[in-house]
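To be precise, the following lines are query_12.pdb, and they hold PDB, C-alpha atoms, pLDDT in the B column.
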```
ATOM      1  CA  MET A 196      23.743  -6.527 -14.075  1.00 58.00           C
ATOM      2  CA  THR A 197      24.806  -6.198 -10.456  1.00 88.00           C
ATOM      3  CA  GLU A 198      25.125  -9.102  -8.092  1.00 91.00           C
ATOM      4  CA  GLU A 199      22.548  -7.543  -5.731  1.00 91.00           C
ATOM      5  CA  ARG A 200      20.035  -7.062  -8.546  1.00 93.00           C
ATOM      6  CA  GLU A 201      20.514 -10.644  -9.765  1.00 95.00           C
ATOM      7  CA  GLY A 202      20.129 -11.961  -6.218  1.00 96.00           C
ATOM      8  CA  ASN A 203      16.938  -9.981  -5.648  1.00 97.00           C
ATOM      9  CA  LEU A 204      15.407 -11.212  -8.906  1.00 97.00           C
ATOM     10  CA  ALA A 205      16.380 -14.810  -8.071  1.00 97.00           C
ATOM     11  CA  LEU A 206      14.815 -14.482  -4.609  1.00 98.00           C
ATOM     12  CA  VAL A 207      11.443 -13.386  -6.000  1.00 98.00           C
ATOM     13  CA  ARG A 208      11.625 -16.079  -8.701  1.00 98.00           C
ATOM     14  CA  ALA A 209      12.184 -18.642  -5.944  1.00 98.00           C
ATOM     15  CA  VAL A 210       9.017 -17.454  -4.184  1.00 97.00           C
ATOM     16  CA  VAL A 211       7.037 -17.786  -7.418  1.00 98.00           C
ATOM     17  CA  ASP A 212       8.491 -21.185  -8.334  1.00 97.00           C
ATOM     18  CA  GLN A 213       8.654 -22.862  -4.939  1.00 97.00           C
ATOM     19  CA  VAL A 214       5.928 -21.223  -2.849  1.00 96.00           C
ATOM     20  CA  MET A 215       3.312 -19.939  -5.290  1.00 96.00           C
ATOM     21  CA  ASN A 216       3.564 -22.600  -7.993  1.00 97.00           C
ATOM     22  CA  GLY A 217       5.101 -25.399  -5.945  1.00 95.00           C
ATOM     23  CA  GLY A 218       2.827 -24.923  -2.929  1.00 93.00           C
ATOM     24  CA  ASP A 219       5.729 -25.228  -0.446  1.00 94.00           C
ATOM     25  CA  THR A 220       4.523 -22.694   2.121  1.00 92.00           C
ATOM     26  CA  THR A 221       7.199 -23.805   4.607  1.00 94.00           C
ATOM     27  CA  ARG A 222       9.837 -22.461   2.191  1.00 95.00           C
ATOM     28  CA  ALA A 223       8.427 -18.971   2.792  1.00 95.00           C
ATOM     29  CA  TYR A 224       9.960 -18.984   6.264  1.00 96.00           C
ATOM     30  CA  GLU A 225      13.413 -19.166   4.657  1.00 96.00           C
ATOM     31  CA  LEU A 226      12.731 -16.655   1.883  1.00 97.00           C
ATOM     32  CA  PHE A 227      10.852 -14.026   3.914  1.00 98.00           C
ATOM     33  CA  ALA A 228      12.329 -11.961   6.748  1.00 97.00           C
ATOM     34  CA  PRO A 229      11.118 -12.785  10.284  1.00 96.00           C
ATOM     35  CA  ASP A 230       9.312  -9.428  10.445  1.00 97.00           C
ATOM     36  CA  TYR A 231       7.897  -9.724   6.896  1.00 98.00           C
ATOM     37  CA  VAL A 232       4.677  -7.809   6.109  1.00 97.00           C
ATOM     38  CA  TRP A 233       2.318  -8.542   3.200  1.00 97.00           C
ATOM     39  CA  TYR A 234      -0.172  -5.909   2.077  1.00 95.00           C
ATOM     40  CA  PRO A 235      -3.078  -7.666   0.313  1.00 89.00           C
ATOM     41  CA  ALA A 236      -5.189  -5.898  -2.279  1.00 84.00           C
ATOM     42  CA  ASP A 237      -8.597  -7.285  -1.332  1.00 77.00           C
ATOM     43  CA  GLY A 238      -9.696  -4.007   0.253  1.00 75.00           C
ATOM     44  CA  VAL A 239     -10.714  -5.791   3.453  1.00 79.00           C
ATOM     45  CA  SER A 240      -7.748  -7.626   4.959  1.00 83.00           C
ATOM     46  CA  GLY A 241      -5.079  -5.778   6.871  1.00 89.00           C
ATOM     47  CA  PRO A 242      -1.328  -6.332   6.647  1.00 95.00           C
ATOM     48  CA  MET A 243      -0.249  -9.938   7.231  1.00 95.00           C
ATOM     49  CA  ASP A 244       2.808 -11.540   8.781  1.00 96.00           C
ATOM     50  CA  VAL A 245       4.366 -14.545   7.057  1.00 96.00           C
ATOM     51  CA  ALA A 246       2.260 -17.119   8.952  1.00 96.00           C
ATOM     52  CA  THR A 247      -1.020 -15.352   8.170  1.00 94.00           C
ATOM     53  CA  HIS A 248      -0.013 -14.797   4.550  1.00 95.00           C
ATOM     54  CA  MET A 249       0.850 -18.486   4.086  1.00 95.00           C
ATOM     55  CA  LYS A 250      -2.417 -19.563   5.752  1.00 93.00           C
ATOM     56  CA  ASP A 251      -4.316 -17.251   3.387  1.00 89.00           C
ATOM     57  CA  PHE A 252      -2.358 -18.592   0.416  1.00 91.00           C
ATOM     58  CA  ALA A 253      -2.989 -22.217   1.459  1.00 92.00           C
ATOM     59  CA  GLN A 254      -6.737 -21.491   1.420  1.00 90.00           C
ATOM     60  CA  LEU A 255      -6.381 -20.048  -2.080  1.00 91.00           C
ATOM     61  CA  ARG A 256      -4.561 -23.186  -3.254  1.00 94.00           C
ATOM     62  CA  GLU A 257      -7.307 -25.374  -1.751  1.00 95.00           C
ATOM     63  CA  ALA A 258      -9.909 -23.581  -3.863  1.00 94.00           C
ATOM     64  CA  PHE A 259      -7.594 -23.461  -6.899  1.00 95.00           C
ATOM     65  CA  PRO A 260      -5.329 -26.545  -6.663  1.00 96.00           C
ATOM     66  CA  ASP A 261      -3.853 -25.953 -10.128  1.00 97.00           C
ATOM     67  CA  PHE A 262      -3.029 -22.287  -9.377  1.00 97.00           C
ATOM     68  CA  ARG A 263      -0.030 -21.076 -11.401  1.00 98.00           C
ATOM     69  CA  VAL A 264       1.755 -17.772 -11.653  1.00 98.00           C
ATOM     70  CA  HIS A 265       3.455 -16.953 -14.936  1.00 98.00           C
ATOM     71  CA  ILE A 266       6.022 -14.165 -14.786  1.00 98.00           C
ATOM     72  CA  ASP A 267       5.534 -11.779 -17.691  1.00 98.00           C
ATOM     73  CA  GLU A 268       8.226  -9.312 -16.663  1.00 98.00           C
ATOM     74  CA  MET A 269      10.473  -8.531 -13.693  1.00 98.00           C
ATOM     75  CA  TYR A 270      12.391  -5.395 -12.880  1.00 97.00           C
ATOM     76  CA  ALA A 271      14.774  -4.790  -9.977  1.00 97.00           C
ATOM     77  CA  ASP A 272      16.161  -1.506  -8.740  1.00 95.00           C
ATOM     78  CA  GLY A 273      17.865  -1.097  -5.401  1.00 94.00           C
ATOM     79  CA  ASP A 274      15.930  -3.067  -2.792  1.00 97.00           C
ATOM     80  CA  ARG A 275      12.724  -3.392  -4.889  1.00 98.00           C
ATOM     81  CA  VAL A 276      11.576  -6.055  -7.344  1.00 98.00           C
ATOM     82  CA  ILE A 277       8.506  -5.388  -9.472  1.00 98.00           C
ATOM     83  CA  THR A 278       6.850  -8.367 -11.133  1.00 98.00           C
ATOM     84  CA  ARG A 279       4.115  -8.220 -13.743  1.00 98.00           C
ATOM     85  CA  PHE A 280       2.372 -11.583 -13.793  1.00 98.00           C
ATOM     86  CA  ALA A 281      -0.496 -13.600 -15.204  1.00 98.00           C
ATOM     87  CA  ALA A 282      -2.201 -16.253 -13.079  1.00 97.00           C
ATOM     88  CA  THR A 283      -4.283 -19.240 -14.110  1.00 97.00           C
ATOM     89  CA  ALA A 284      -6.401 -21.550 -11.990  1.00 96.00           C
ATOM     90  CA  THR A 285      -9.510 -23.710 -11.937  1.00 97.00           C
ATOM     91  CA  HIS A 286     -12.061 -23.080  -9.175  1.00 96.00           C
ATOM     92  CA  GLN A 287     -12.405 -26.631  -7.787  1.00 96.00           C
ATOM     93  CA  ALA A 288     -13.276 -26.196  -4.087  1.00 95.00           C
ATOM     94  CA  PRO A 289     -15.163 -23.668  -1.924  1.00 92.00           C
ATOM     95  CA  LEU A 290     -13.550 -20.240  -1.817  1.00 87.00           C
ATOM     96  CA  GLN A 291     -13.934 -18.008   1.218  1.00 81.00           C
ATOM     97  CA  LYS A 292     -13.853 -14.328   0.352  1.00 73.00           C
ATOM     98  CA  ALA A 293     -12.236 -11.910   2.810  1.00 65.00           C
ATOM     99  CA  VAL A 294     -15.702 -10.521   3.611  1.00 64.00           C
ATOM    100  CA  GLY A 295     -16.839 -13.968   4.768  1.00 71.00           C
ATOM    101  CA  HIS A 296     -18.842 -15.138   1.748  1.00 78.00           C
ATOM    102  CA  ILE A 297     -18.187 -18.712   0.684  1.00 86.00           C
ATOM    103  CA  ILE A 298     -18.364 -19.366  -3.039  1.00 87.00           C
ATOM    104  CA  ALA A 299     -19.187 -22.903  -4.149  1.00 90.00           C
ATOM    105  CA  PRO A 300     -16.831 -24.450  -6.704  1.00 93.00           C
ATOM    106  CA  SER A 301     -17.657 -23.253 -10.199  1.00 93.00           C
ATOM    107  CA  ASN A 302     -15.199 -25.595 -11.977  1.00 95.00           C
ATOM    108  CA  ARG A 303     -14.423 -22.666 -14.239  1.00 95.00           C
ATOM    109  CA  SER A 304     -10.948 -21.910 -15.547  1.00 96.00           C
ATOM    110  CA  LEU A 305      -9.765 -18.448 -14.625  1.00 95.00           C
ATOM    111  CA  ASN A 306      -6.985 -16.157 -15.674  1.00 97.00           C
ATOM    112  CA  TRP A 307      -6.034 -12.729 -14.409  1.00 96.00           C
ATOM    113  CA  LYS A 308      -3.143 -10.302 -14.334  1.00 97.00           C
ATOM    114  CA  GLY A 309      -1.450  -8.370 -11.595  1.00 96.00           C
ATOM    115  CA  VAL A 310       1.656  -6.684 -10.277  1.00 97.00           C
ATOM    116  CA  THR A 311       3.664  -7.288  -7.124  1.00 97.00           C
ATOM    117  CA  ILE A 312       6.332  -5.168  -5.497  1.00 98.00           C
ATOM    118  CA  HIS A 313       8.741  -6.792  -3.052  1.00 98.00           C
ATOM    119  CA  ARG A 314      11.232  -5.017  -0.820  1.00 98.00           C
ATOM    120  CA  ILE A 315      14.371  -7.016  -0.126  1.00 98.00           C
ATOM    121  CA  GLU A 316      16.427  -6.610   3.033  1.00 97.00           C
ATOM    122  CA  ASN A 317      19.481  -8.674   3.952  1.00 96.00           C
ATOM    123  CA  GLY A 318      18.774 -11.233   1.232  1.00 96.00           C
ATOM    124  CA  ARG A 319      15.182 -11.900   2.285  1.00 98.00           C
ATOM    125  CA  ILE A 320      11.806 -10.426   1.380  1.00 98.00           C
ATOM    126  CA  ALA A 321      10.829  -7.882   4.022  1.00 98.00           C
ATOM    127  CA  GLU A 322       7.620  -6.487   2.509  1.00 98.00           C
ATOM    128  CA  GLY A 323       5.286  -7.259  -0.363  1.00 97.00           C
ATOM    129  CA  TRP A 324       2.419  -5.476  -2.083  1.00 97.00           C
ATOM    130  CA  ILE A 325       0.053  -6.767  -4.749  1.00 95.00           C
ATOM    131  CA  THR A 326      -2.545  -5.395  -7.073  1.00 94.00           C
ATOM    132  CA  TYR A 327      -4.578  -7.616  -9.381  1.00 92.00           C
ATOM    133  CA  ASP A 328      -7.809  -7.751 -11.350  1.00 89.00           C
ATOM    134  CA  ARG A 329     -10.230  -8.815  -8.578  1.00 84.00           C
ATOM    135  CA  ALA A 330     -13.317  -7.858 -10.569  1.00 85.00           C
ATOM    136  CA  SER A 331     -12.283 -10.197 -13.373  1.00 88.00           C
ATOM    137  CA  ILE A 332     -11.805 -13.086 -10.934  1.00 87.00           C
ATOM    138  CA  ASP A 333     -15.251 -12.523  -9.393  1.00 85.00           C
ATOM    139  CA  GLU A 334     -16.832 -12.334 -12.837  1.00 90.00           C
ATOM    140  CA  GLN A 335     -15.063 -15.479 -14.065  1.00 91.00           C
ATOM    141  CA  ILE A 336     -16.264 -17.576 -11.104  1.00 88.00           C
ATOM    142  CA  GLY A 337     -19.750 -16.091 -11.389  1.00 84.00           C
ATOM    143  CA  TRP A 338     -19.786 -14.378  -7.990  1.00 77.00           C
ATOM    144  CA  ARG A 339     -22.180 -11.510  -7.421  1.00 66.00           C
ATOM    145  CA  ARG A 340     -22.735  -9.728  -4.137  1.00 56.00           C
TER     146      ARG A 340
END
```
For the structure just supplied, provide its representation as structure tokens.
Amino acid sequence: MTEEREGNLALVRAVVDQVMNGGDTTRAYELFAPDYVWYPADGVSGPMDVATHMKDFAQLREAFPDFRVHIDEMYADGDRVITRFAATATHQAPLQKAVGHIIAPSNRSLNWKGVTIHRIENGRIAEGWITYDRASIDEQIGWRR
């Protein structure tokens, strides 16, 4: 395994452990490049810089304070890291959907799966993409349009 590959995998693991699971959104400013761009999969939101992404993530953690990402598999090649994950959370506070709807706490336990792709540049995450099972999340919290 190359040093670059190991470093890229460790960088994404640090994001999962410290930012996603640990809730330390300030750590993102060290792990992400200054011109970082996040491409959310909600079908509504546009690309986000690091500050907007961390604000969005903080709102998610407010609604799901026990939010956890479990890495099922990671693969690195060149400047890309692909992570297949499972997430668990309990819906304990209001959740604002990207379309503006606010969903009252359901107190339901949720689990879903997804995949992220991160592009690494100069030892920091420069771009990130995600796809996940949004329909399952909506169904599990009982949200209907």
Distance query stretch 200-216 of chain A at most 12 Å, all atoms listed in the file, self and fewer than 6 positions along chain excluded, as a JSON list (two decimals) with C-alpha atoms, in the frame of the given file:
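Saved result, result32.json, follows:
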```json
[["chain", "number", "residue", "atom", "x", "y", "z"],
["A", 222, "ARG", "CA", 9.84, -22.46, 2.19],
["A", 223, "ALA", "CA", 8.43, -18.97, 2.79],
["A", 224, "TYR", "CA", 9.96, -18.98, 6.26],
["A", 225, "GLU", "CA", 13.41, -19.17, 4.66],
["A", 226, "LEU", "CA", 12.73, -16.66, 1.88],
["A", 227, "PHE", "CA", 10.85, -14.03, 3.91],
["A", 228, "ALA", "CA", 12.33, -11.96, 6.75],
["A", 248, "HIS", "CA", -0.01, -14.80, 4.55],
["A", 249, "MET", "CA", 0.85, -18.49, 4.09],
["A", 251, "ASP", "CA", -4.32, -17.25, 3.39],
["A", 252, "PHE", "CA", -2.36, -18.59, 0.42],
["A", 253, "ALA", "CA", -2.99, -22.22, 1.46],
["A", 255, "LEU", "CA", -6.38, -20.05, -2.08],
["A", 256, "ARG", "CA", -4.56, -23.19, -3.25],
["A", 259, "PHE", "CA", -7.59, -23.46, -6.90],
["A", 260, "PRO", "CA", -5.33, -26.54, -6.66],
["A", 261, "ASP", "CA", -3.85, -25.95, -10.13],
["A", 262, "PHE", "CA", -3.03, -22.29, -9.38],
["A", 263, "ARG", "CA", -0.03, -21.08, -11.40],
["A", 264, "VAL", "CA", 1.76, -17.77, -11.65],
["A", 265, "HIS", "CA", 3.46, -16.95, -14.94],
["A", 266, "ILE", "CA", 6.02, -14.16, -14.79],
["A", 267, "ASP", "CA", 5.53, -11.78, -17.69],
["A", 268, "GLU", "CA", 8.23, -9.31, -16.66],
["A", 269, "MET", "CA", 10.47, -8.53, -13.69],
["A", 270, "TYR", "CA", 12.39, -5.40, -12.88],
["A", 271, "ALA", "CA", 14.77, -4.79, -9.98],
["A", 272, "ASP", "CA", 16.16, -1.51, -8.74],
["A", 273, "GLY", "CA", 17.86, -1.10, -5.40],
["A", 274, "ASP", "CA", 15.93, -3.07, -2.79],
["A", 275, "ARG", "CA", 12.72, -3.39, -4.89],
["A", 276, "VAL", "CA", 11.58, -6.06, -7.34],
["A", 277, "ILE", "CA", 8.51, -5.39, -9.47],
["A", 278, "THR", "CA", 6.85, -8.37, -11.13],
["A", 279, "ARG", "CA", 4.12, -8.22, -13.74],
["A", 280, "PHE", "CA", 2.37, -11.58, -13.79],
["A", 281, "ALA", "CA", -0.50, -13.60, -15.20],
["A", 282, "ALA", "CA", -2.20, -16.25, -13.08],
["A", 283, "THR", "CA", -4.28, -19.24, -14.11],
["A", 284, "ALA", "CA", -6.40, -21.55, -11.99],
["A", 311, "THR", "CA", 3.66, -7.29, -7.12],
["A", 312, "ILE", "CA", 6.33, -5.17, -5.50],
["A", 313, "HIS", "CA", 8.74, -6.79, -3.05],
["A", 314, "ARG", "CA", 11.23, -5.02, -0.82],
["A", 315, "ILE", "CA", 14.37, -7.02, -0.13],
["A", 316, "GLU", "CA", 16.43, -6.61, 3.03],
["A", 317, "ASN", "CA", 19.48, -8.67, 3.95],
["A", 318, "GLY", "CA", 18.77, -11.23, 1.23],
["A", 319, "ARG", "CA", 15.18, -11.90, 2.28],
["A", 320, "ILE", "CA", 11.81, -10.43, 1.38],
["A", 321, "ALA", "CA", 10.83, -7.88, 4.02],
["A", 322, "GLU", "CA", 7.62, -6.49, 2.51],
["A", 323, "GLY", "CA", 5.29, -7.26, -0.36]]
```
Picked residues, the PyMOL selection byres ((chain A and resi 327) around 12), expected as number ranges by chain: A: 235-238, 278-282, 306-312, 324-326, 328-333
Centre and edges of the stretch 321-339 of chain A box, axis-aligned, 6 Å extra per side, as JSON:
```
{"center_x": -5.7, "center_y": -11.5, "center_z": -5.0, "size_x": 45.0, "size_y": 24.2, "size_z": 30.1}
```
Run the PyMOL selection byres ((chain A and resi 287) around 6) against the file shown and list the residues it catches, as a PDB file with C-alpha atoms, keeping the file's coordinate frame.
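File out_10.pdb, as written:
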```pdb
ATOM      1  CA  ALA A 258      -9.909 -23.581  -3.863  1.00 94.00           C
ATOM      2  CA  PHE A 259      -7.594 -23.461  -6.899  1.00 95.00           C
ATOM      3  CA  THR A 285      -9.510 -23.710 -11.937  1.00 97.00           C
ATOM      4  CA  HIS A 286     -12.061 -23.080  -9.175  1.00 96.00           C
ATOM      5  CA  ALA A 288     -13.276 -26.196  -4.087  1.00 95.00           C
ATOM      6  CA  PRO A 300     -16.831 -24.450  -6.704  1.00 93.00           C
ATOM      7  CA  ASN A 302     -15.199 -25.595 -11.977  1.00 95.00           C
TER       8      ASN A 302
END
```
Residue nearest A:Tyr231 among A:Ser304, A:Thr247, A:Gln291, A:Gln254 (counting only C-alpha atoms):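 Distance minimum relative to A:Tyr231 lands on A:Thr247.
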Distance in Å - atom CA of A:Val232 versus atom CA of A:Ala246: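 Value for the atom CA of A:Val232-atom CA of A:Ala246 distance: 10.0 Å.
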If I only have part of stretch 274-285 of chain A, can you fill in N, CA and C atoms and write it as a PDB file, in the coordinates of the input?
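Saved as out_19.pdb:
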```pdb
ATOM      1  N   ASP A 274      16.491  -1.989  -3.621  1.00 97.00           N
ATOM      2  CA  ASP A 274      15.930  -3.067  -2.792  1.00 97.00           C
ATOM      3  C   ASP A 274      14.538  -3.497  -3.233  1.00 97.00           C
ATOM      4  N   ARG A 275      14.078  -3.071  -4.414  1.00 98.00           N
ATOM      5  CA  ARG A 275      12.724  -3.392  -4.889  1.00 98.00           C
ATOM      6  C   ARG A 275      12.757  -4.285  -6.117  1.00 98.00           C
ATOM      7  N   VAL A 276      11.797  -5.222  -6.154  1.00 98.00           N
ATOM      8  CA  VAL A 276      11.576  -6.055  -7.344  1.00 98.00           C
ATOM      9  C   VAL A 276      10.108  -5.917  -7.719  1.00 98.00           C
ATOM     10  N   ILE A 277       9.870  -5.524  -8.949  1.00 98.00           N
ATOM     11  CA  ILE A 277       8.506  -5.388  -9.472  1.00 98.00           C
ATOM     12  C   ILE A 277       8.280  -6.524 -10.462  1.00 98.00           C
ATOM     13  N   THR A 278       7.172  -7.225 -10.276  1.00 98.00           N
ATOM     14  CA  THR A 278       6.850  -8.367 -11.133  1.00 98.00           C
ATOM     15  C   THR A 278       5.466  -8.176 -11.726  1.00 98.00           C
ATOM     16  N   ARG A 279       5.400  -8.205 -13.043  1.00 98.00           N
ATOM     17  CA  ARG A 279       4.115  -8.220 -13.743  1.00 98.00           C
ATOM     18  C   ARG A 279       3.844  -9.678 -14.059  1.00 98.00           C
ATOM     19  N   PHE A 280       2.650 -10.155 -13.673  1.00 98.00           N
ATOM     20  CA  PHE A 280       2.372 -11.583 -13.793  1.00 98.00           C
ATOM     21  C   PHE A 280       0.986 -11.833 -14.373  1.00 98.00           C
ATOM     22  N   ALA A 281       0.814 -13.073 -14.832  1.00 98.00           N
ATOM     23  CA  ALA A 281      -0.496 -13.600 -15.204  1.00 98.00           C
ATOM     24  C   ALA A 281      -0.690 -14.851 -14.353  1.00 98.00           C
ATOM     25  N   ALA A 282      -1.895 -15.070 -13.883  1.00 97.00           N
ATOM     26  CA  ALA A 282      -2.201 -16.253 -13.079  1.00 97.00           C
ATOM     27  C   ALA A 282      -3.315 -17.038 -13.759  1.00 97.00           C
ATOM     28  N   THR A 283      -3.241 -18.355 -13.601  1.00 97.00           N
ATOM     29  CA  THR A 283      -4.283 -19.240 -14.110  1.00 97.00           C
ATOM     30  C   THR A 283      -4.668 -20.205 -12.998  1.00 97.00           C
ATOM     31  N   ALA A 284      -5.918 -20.629 -13.025  1.00 96.00           N
ATOM     32  CA  ALA A 284      -6.401 -21.550 -11.990  1.00 96.00           C
ATOM     33  C   ALA A 284      -7.778 -22.058 -12.382  1.00 96.00           C
ATOM     34  N   THR A 285      -8.164 -23.174 -11.777  1.00 97.00           N
ATOM     35  CA  THR A 285      -9.510 -23.710 -11.937  1.00 97.00           C
ATOM     36  C   THR A 285     -10.152 -23.745 -10.561  1.00 97.00           C
TER      37      THR A 285
END
```
